[in-house]
Structures are given as C-alpha cells and as structure tokens.
Protein chains: 2
Amino acid sequence: MFSKACEYAIRAVMFVAQKSKDGARVGIREIAKGIDSPEHFVAKILQDLSRKGVIQSQKGPSGGFYLDDRSLNASLADIVRIVDGDDIFTGCALGLKQCSEAKPCPLHHEFKKIRDDLSHLLQHTSVGEFSTQLDRNRLFLKR
Amino acid sequence: MFSKACEYAIRAVMFVAQKSKDGARVGIREIAKGIDSPEHFVAKILQDLSRKGVIQSQKGPSGGFYLDDRSLNASLADIVRIVDGDDIFTGCALGLKQCSEAKPCPLHHEFKKIRDDLSHLLQHTSVGEFSTQLDRNRLFLKR
DNA sequence: ACAATAAAAGATAAAAATCTCTTTTATTCG
DNA sequence: CGAATAAAAGAGATTTTTATCTTTTATTGT
C-alpha cells in the first residue's frame, strides 16, 4: 500500500506530534526508537518533510524536530503525497497510465470507490489528532 | 497498491481469459503485446501462476496459455495472493507487525473498512467476467 | 525420427528501495 | 571564543524488484 518510507514518515510525524507538546523538541534518535525504525533512514525522510514544511526542525543543543500549529493540522494526505507521490490517490489499480472514465481498465469503476474512500480518510485525518490516545496507550506506533 | 508483477499478472490472466475461448491457446508473445508488458518478466509470473494452478499452459506447437473452467472462475484475490502475498488483505497500514484490535495503530479501525472493501472486491471479482466487455472495447488492458 | 514451436528454467543485469556510515553545518551554552 | 550537540548532507552498501537473455524441455506435425 504505502512504501516503507511512507509508513515510517507517518509514524514519525505522529510520534513528534505526541511528544513535542508546548515547544518541546524530539531528537531523531528518540523518534527512531519510539517508532522502532532505522534511525538514519528516517532522518532522511524527515529532512525531506522538513524542506517541504510539514515538520519543523532545529539544529544544535536542545534542538530536534517539532510541529508548529500549521503542521499539527496537516493531513496524512500531505505526508503521503510528499513521500509516495499521488499515485495512490489517482493511479490505476492495474498500472495503466491512460486509465480513465473514457478508457477504463476492468477494475476502474469499482476501484474508484476504494481509492476515494482512502483519499477521504487520509485527507480528513490530521497528523496531530491521535496524541491523547497515544499518551493513554490506546494506540501504538511500534512493533 | 499492487506490485508491477501483480498488475501484469491480473492483466495477463484477464487477457488470456478473453482470448482463449473454446480451447484456443495464447502465446506469451501475444500476451505481452496485448497487455503492453515485458515479455520475459510476464512469462516468469505466468509460470508461477501455472504451478499454482490458476492458469493452464501447454508446450510445443499450438501450445500456449489458457484457462480451464475452474481457473476462469478464480477470483482476483487468488492471483493477488499468489503474486503479492496477503499483506494487502491483512497488513497494517503503517507497517506494524503486531497491529490488532487489542494493540491498534492510529489508522487501524478506519483502515480496516477500506481493506475489507478491497478484499471483498477482489474476492468477488472473477478472472473471466470481463471478456465480453473487453471484446467490445468497453474495457482495456493496455496503455 | 526430425524439425519447428513454445513454455520452463537458469543465469544475469539494471533499477529502485531500503538501510548504514561519515562528514559538514548550524546552534547553544559555558 | 570553544566545546558539545543535533540536524543536514554526502556517500555507499545491501536488498528487493523489475527486466533481459540464453539454454533446456516438452510437444506437435511432417
């Protein structure tokens, strides 16, 4: 469904959202441990997200990653689009480049519904909305 | 969503279903052209499907691939499972191995619906049911 | 039996994704 | 300023996926 990079990206950003309340910052090492992922690989991904402005970072002592208000309200769709592109939102199930209403693949019409449901979910889910439940161990980001 | 191999697999099997009416057989070359895919790569995939019994093949002159009645009624889920495994049916959206009702990831509950819809679609769509529409150029398997 | 045909199998190559290690740059604090 | 810290950037290494090429095996029809 999503690439590994994208899975890590979503988990990492959710982790930062949970841990970086009131101005706190989270180091890449803590993030990697917190979501059980390869540190340097996730670092790369977060650098990318940082350049695109959906996560914030600060170098130096007491530096780390955090989310400003705007980023907290970013949608998962924003993250997915940056990491995996928008194939998942618009692509053909069978990989046809020209698949469309006019020239549909056999799964086009039925698959459209599923793709749209997924798009809707990602578009309407924000990065920050799970923090409380994560705090309470109702939801998990590792294993 | 699906791997390239799986996209080719589905398209190839649908193509064979369409072209191998009343005992006819379809060569790998014709298949590759018919679905616009790399010939040898698809050959490998079909060999695999053949070993698993969801497609039939015959060597030698006038040989090729075809589908018996049972295979014509195989579901897309069967194909997907053989080529991509059942991660798409059961896997966690965020890649957690232990994601479950008891220890859910943040997307678990919502994602379940989408995964189930997709499973249902694949499970209830047969390999052979599009032949007529493909014949009539209402549906397409290439480009 | 023999030649032609077509899938099966084996071996390799190329590309992309995933992961690791090292060096550089920016920032803080004493 | 100088040392320590932490992200950014650069450079590889490994693994997986995708694709190609060659040889072998089975089958058919002459």
# chains A, B, ... in the order shown; residues from 1 in each chain; ligands from 1
>>> residues_around(residues="DC2 of chain C", least_positions_apart="4", cutoff="12 Å", atoms="only C-alpha atoms (C1' of nucleotides)", output="PyMOL selection string")
chain D and resi 28-30
>>> write_last_selection(atoms="C-alpha atoms (C1' of nucleotides)", output="PDB file, in the first residue's frame")
ATOM      1  C1'  DT D  28       3.410 -31.272 -32.433  1.00  0.00           C
ATOM      2  C1'  DG D  29       3.212 -32.296 -37.186  1.00  0.00           C
ATOM      3  C1'  DT D  30       5.797 -33.898 -41.167  1.00  0.00           C
TER       4       DT D  30
END
>>> closest_atom_pairs(of="chain D", to="chain B", cutoff="8 Å", atoms="only C-alpha atoms (C1' of nucleotides)", output="CSV")
residue,atom,partner,partner_atom,distance
D:DT18,C1',B:Phe41,CA,7.8
D:DA19,C1',B:Phe41,CA,6.2
D:DT20,C1',B:His40,CA,7.3
D:DA26,C1',B:Lys59,CA,5.9
D:DT27,C1',B:Gly60,CA,4.2
D:DT28,C1',B:Pro61,CA,5.3
>>> write_last_selection(atoms="N, CA and C atoms (P, O5', C5', C4', C3', O3' and C1' of nucleotides)", output="mmCIF file, in the first residue's frame")
data_model
loop_
_atom_site.group_PDB
_atom_site.id
_atom_site.type_symbol
_atom_site.label_atom_id
_atom_site.label_comp_id
_atom_site.auth_asym_id
_atom_site.auth_seq_id
_atom_site.Cartn_x
_atom_site.Cartn_y
_atom_site.Cartn_z
ATOM 1 P P DT D 18 7.999 -4.902 -8.705
ATOM 2 O "O5'" DT D 18 8.919 -4.794 -10.012
ATOM 3 C "C5'" DT D 18 9.569 -3.578 -10.295
ATOM 4 C "C4'" DT D 18 10.457 -3.743 -11.504
ATOM 5 C "C3'" DT D 18 9.768 -4.372 -12.722
ATOM 6 O "O3'" DT D 18 9.869 -3.448 -13.791
ATOM 7 C "C1'" DT D 18 11.893 -5.343 -12.339
ATOM 8 P P DA D 19 9.283 -3.803 -15.242
ATOM 9 O "O5'" DA D 19 10.513 -4.500 -15.980
ATOM 10 C "C5'" DA D 19 11.691 -3.748 -16.210
ATOM 11 C "C4'" DA D 19 12.749 -4.640 -16.840
ATOM 12 C "C3'" DA D 19 12.306 -5.382 -18.106
ATOM 13 O "O3'" DA D 19 13.036 -4.835 -19.189
ATOM 14 C "C1'" DA D 19 13.638 -6.749 -16.677
ATOM 15 P P DT D 20 12.891 -5.452 -20.655
ATOM 16 O "O5'" DT D 20 14.124 -6.462 -20.707
ATOM 17 C "C5'" DT D 20 15.438 -5.955 -20.515
ATOM 18 C "C4'" DT D 20 16.450 -7.054 -20.733
ATOM 19 C "C3'" DT D 20 16.291 -7.832 -22.037
ATOM 20 O "O3'" DT D 20 17.532 -7.765 -22.733
ATOM 21 C "C1'" DT D 20 16.566 -9.308 -20.220
ATOM 22 P P DA D 26 10.942 -32.929 -20.092
ATOM 23 O "O5'" DA D 26 9.683 -32.502 -20.973
ATOM 24 C "C5'" DA D 26 8.787 -31.541 -20.450
ATOM 25 C "C4'" DA D 26 7.821 -31.127 -21.538
ATOM 26 C "C3'" DA D 26 7.072 -32.286 -22.201
ATOM 27 O "O3'" DA D 26 5.705 -31.941 -22.203
ATOM 28 C "C1'" DA D 26 8.087 -30.923 -23.843
ATOM 29 P P DT D 27 4.601 -33.011 -22.629
ATOM 30 O "O5'" DT D 27 4.291 -32.590 -24.127
ATOM 31 C "C5'" DT D 27 3.816 -31.266 -24.368
ATOM 32 C "C4'" DT D 27 3.750 -31.041 -25.858
ATOM 33 C "C3'" DT D 27 3.055 -32.143 -26.644
ATOM 34 O "O3'" DT D 27 1.859 -31.583 -27.147
ATOM 35 C "C1'" DT D 27 5.010 -31.324 -27.754
ATOM 36 P P DT D 28 0.808 -32.495 -27.979
ATOM 37 O "O5'" DT D 28 1.058 -32.001 -29.467
ATOM 38 C "C5'" DT D 28 1.150 -30.601 -29.753
ATOM 39 C "C4'" DT D 28 1.691 -30.412 -31.150
ATOM 40 C "C3'" DT D 28 1.032 -31.326 -32.183
ATOM 41 O "O3'" DT D 28 0.304 -30.521 -33.103
ATOM 42 C "C1'" DT D 28 3.410 -31.272 -32.433
#
>>> interface_residues(of="chain B", to="chain A", cutoff="9 Å", atoms="only C-alpha atoms", output="number ranges by chain")
B: 1-2, 4, 6-8, 10-11, 14, 87-88, 93-99, 102-106, 110-111, 114-115, 117-118, 121, 130, 133-134, 137-143
>>> interface_residues(of="chain C", to="chain A", cutoff="9 Å", atoms="only C-alpha atoms (C1' of nucleotides)", output="PyMOL selection string")
chain C and resi 17-20+26-29
>>> write_last_selection(atoms="N, CA and C atoms (P, O5', C5', C4', C3', O3' and C1' of nucleotides)", output="PDB file, in the first residue's frame")
ATOM      1  P    DA C  17      11.488   3.591  -6.033  1.00  0.00           P
ATOM      2  O5'  DA C  17      11.882   2.718  -4.759  1.00  0.00           O
ATOM      3  C5'  DA C  17      11.408   1.382  -4.688  1.00  0.00           C
ATOM      4  C4'  DA C  17      11.917   0.738  -3.420  1.00  0.00           C
ATOM      5  C3'  DA C  17      11.746   1.580  -2.162  1.00  0.00           C
ATOM      6  O3'  DA C  17      11.208   0.734  -1.164  1.00  0.00           O
ATOM      7  C1'  DA C  17      14.016   0.958  -2.420  1.00  0.00           C
ATOM      8  P    DT C  18      10.877   1.287   0.317  1.00  0.00           P
ATOM      9  O5'  DT C  18      12.193   0.855   1.105  1.00  0.00           O
ATOM     10  C5'  DT C  18      12.525  -0.519   1.180  1.00  0.00           C
ATOM     11  C4'  DT C  18      13.864  -0.674   1.867  1.00  0.00           C
ATOM     12  C3'  DT C  18      13.971  -0.010   3.241  1.00  0.00           C
ATOM     13  O3'  DT C  18      14.217  -1.038   4.191  1.00  0.00           O
ATOM     14  C1'  DT C  18      15.906   0.366   1.941  1.00  0.00           C
ATOM     15  P    DC C  19      14.233  -0.677   5.762  1.00  0.00           P
ATOM     16  O5'  DC C  19      15.774  -0.387   6.047  1.00  0.00           O
ATOM     17  C5'  DC C  19      16.742  -1.414   5.759  1.00  0.00           C
ATOM     18  C4'  DC C  19      18.148  -0.827   5.836  1.00  0.00           C
ATOM     19  C3'  DC C  19      18.475  -0.060   7.127  1.00  0.00           C
ATOM     20  O3'  DC C  19      19.446  -0.830   7.831  1.00  0.00           O
ATOM     21  C1'  DC C  19      19.415   0.961   5.199  1.00  0.00           C
ATOM     22  P    DT C  20      20.117  -0.278   9.172  1.00  0.00           P
ATOM     23  O5'  DT C  20      21.469   0.354   8.617  1.00  0.00           O
ATOM     24  C5'  DT C  20      22.385  -0.477   7.918  1.00  0.00           C
ATOM     25  C4'  DT C  20      23.688   0.286   7.713  1.00  0.00           C
ATOM     26  C3'  DT C  20      24.226   0.983   8.961  1.00  0.00           C
ATOM     27  O3'  DT C  20      25.558   0.551   9.146  1.00  0.00           O
ATOM     28  C1'  DT C  20      24.193   2.470   7.116  1.00  0.00           C
ATOM     29  P    DA C  26      25.662  26.694   7.782  1.00  0.00           P
ATOM     30  O5'  DA C  26      24.798  26.616   9.121  1.00  0.00           O
ATOM     31  C5'  DA C  26      23.535  25.967   9.073  1.00  0.00           C
ATOM     32  C4'  DA C  26      23.037  25.779  10.490  1.00  0.00           C
ATOM     33  C3'  DA C  26      22.976  27.057  11.314  1.00  0.00           C
ATOM     34  O3'  DA C  26      21.687  27.105  11.896  1.00  0.00           O
ATOM     35  C1'  DA C  26      24.155  25.381  12.498  1.00  0.00           C
ATOM     36  P    DT C  27      21.197  28.418  12.691  1.00  0.00           P
ATOM     37  O5'  DT C  27      21.419  27.999  14.202  1.00  0.00           O
ATOM     38  C5'  DT C  27      20.755  26.828  14.684  1.00  0.00           C
ATOM     39  C4'  DT C  27      21.230  26.532  16.087  1.00  0.00           C
ATOM     40  C3'  DT C  27      21.255  27.739  17.016  1.00  0.00           C
ATOM     41  O3'  DT C  27      20.282  27.505  18.011  1.00  0.00           O
ATOM     42  C1'  DT C  27      23.173  26.357  17.269  1.00  0.00           C
ATOM     43  P    DT C  28      19.927  28.635  19.126  1.00  0.00           P
ATOM     44  O5'  DT C  28      20.632  28.011  20.417  1.00  0.00           O
ATOM     45  C5'  DT C  28      20.415  26.637  20.737  1.00  0.00           C
ATOM     46  C4'  DT C  28      21.395  26.222  21.815  1.00  0.00           C
ATOM     47  C3'  DT C  28      21.494  27.198  22.990  1.00  0.00           C
ATOM     48  O3'  DT C  28      21.235  26.471  24.181  1.00  0.00           O
ATOM     49  C1'  DT C  28      23.651  26.584  22.200  1.00  0.00           C
ATOM     50  P    DC C  29      20.857  27.275  25.526  1.00  0.00           P
ATOM     51  O5'  DC C  29      22.132  26.962  26.426  1.00  0.00           O
ATOM     52  C5'  DC C  29      22.836  25.722  26.255  1.00  0.00           C
ATOM     53  C4'  DC C  29      24.205  25.816  26.887  1.00  0.00           C
ATOM     54  C3'  DC C  29      24.307  26.886  27.991  1.00  0.00           C
ATOM     55  O3'  DC C  29      25.143  26.366  29.018  1.00  0.00           O
ATOM     56  C1'  DC C  29      25.947  27.286  26.370  1.00  0.00           C
TER      57       DC C  29
END
>>> select_by_dssp(residues="chain A", states="helix (DSSP H, G or I)", output="PyMOL selection string")
chain A and resi 4-19+21-23+28-35+39-51+69-72+76-84+87-90+108-123+131-135
>>> closest_residue(among="D:DT25, D:DG10, D:DT15, D:DA4", to="DT24 of chain C", atoms="only C-alpha atoms (C1' of nucleotides)")
D:DG10
>>> residues_around(residues="DG10 of chain C", least_positions_apart="2", cutoff="10 Å", atoms="only C-alpha atoms (C1' of nucleotides)", output="PyMOL selection string")
(chain C and resi 8+12) or (chain D and resi 22-24)
>>> residues_around(residues="Leu72 of chain B", least_positions_apart="3", cutoff="8 Å", atoms="only C-alpha atoms (C1' of nucleotides)", output="NGL selection string")
:B and (17 or 67-69 or 126-128)
>>> atom_distance(atom1="atom CA of Ser37 of chain A", atom2="atom CA of Ser119 of chain A")
25.7 Å
>>> residues_around(residues="Ile82 of chain A", least_positions_apart="6", cutoff="9 Å", atoms="only C-alpha atoms (C1' of nucleotides)", output="NGL selection string")
:A and (6 or 48-49 or 52)
>>> atom_distance(atom1="atom CA of Gly27 of chain B", atom2="atom CA of Asp78 of chain B")
22.4 Å
>>> select_by_dssp(residues="segment 8-139 of chain B", states="strand (DSSP E or B)", output="number ranges by chain")
B: 26, 56-58, 64-66, 75, 126
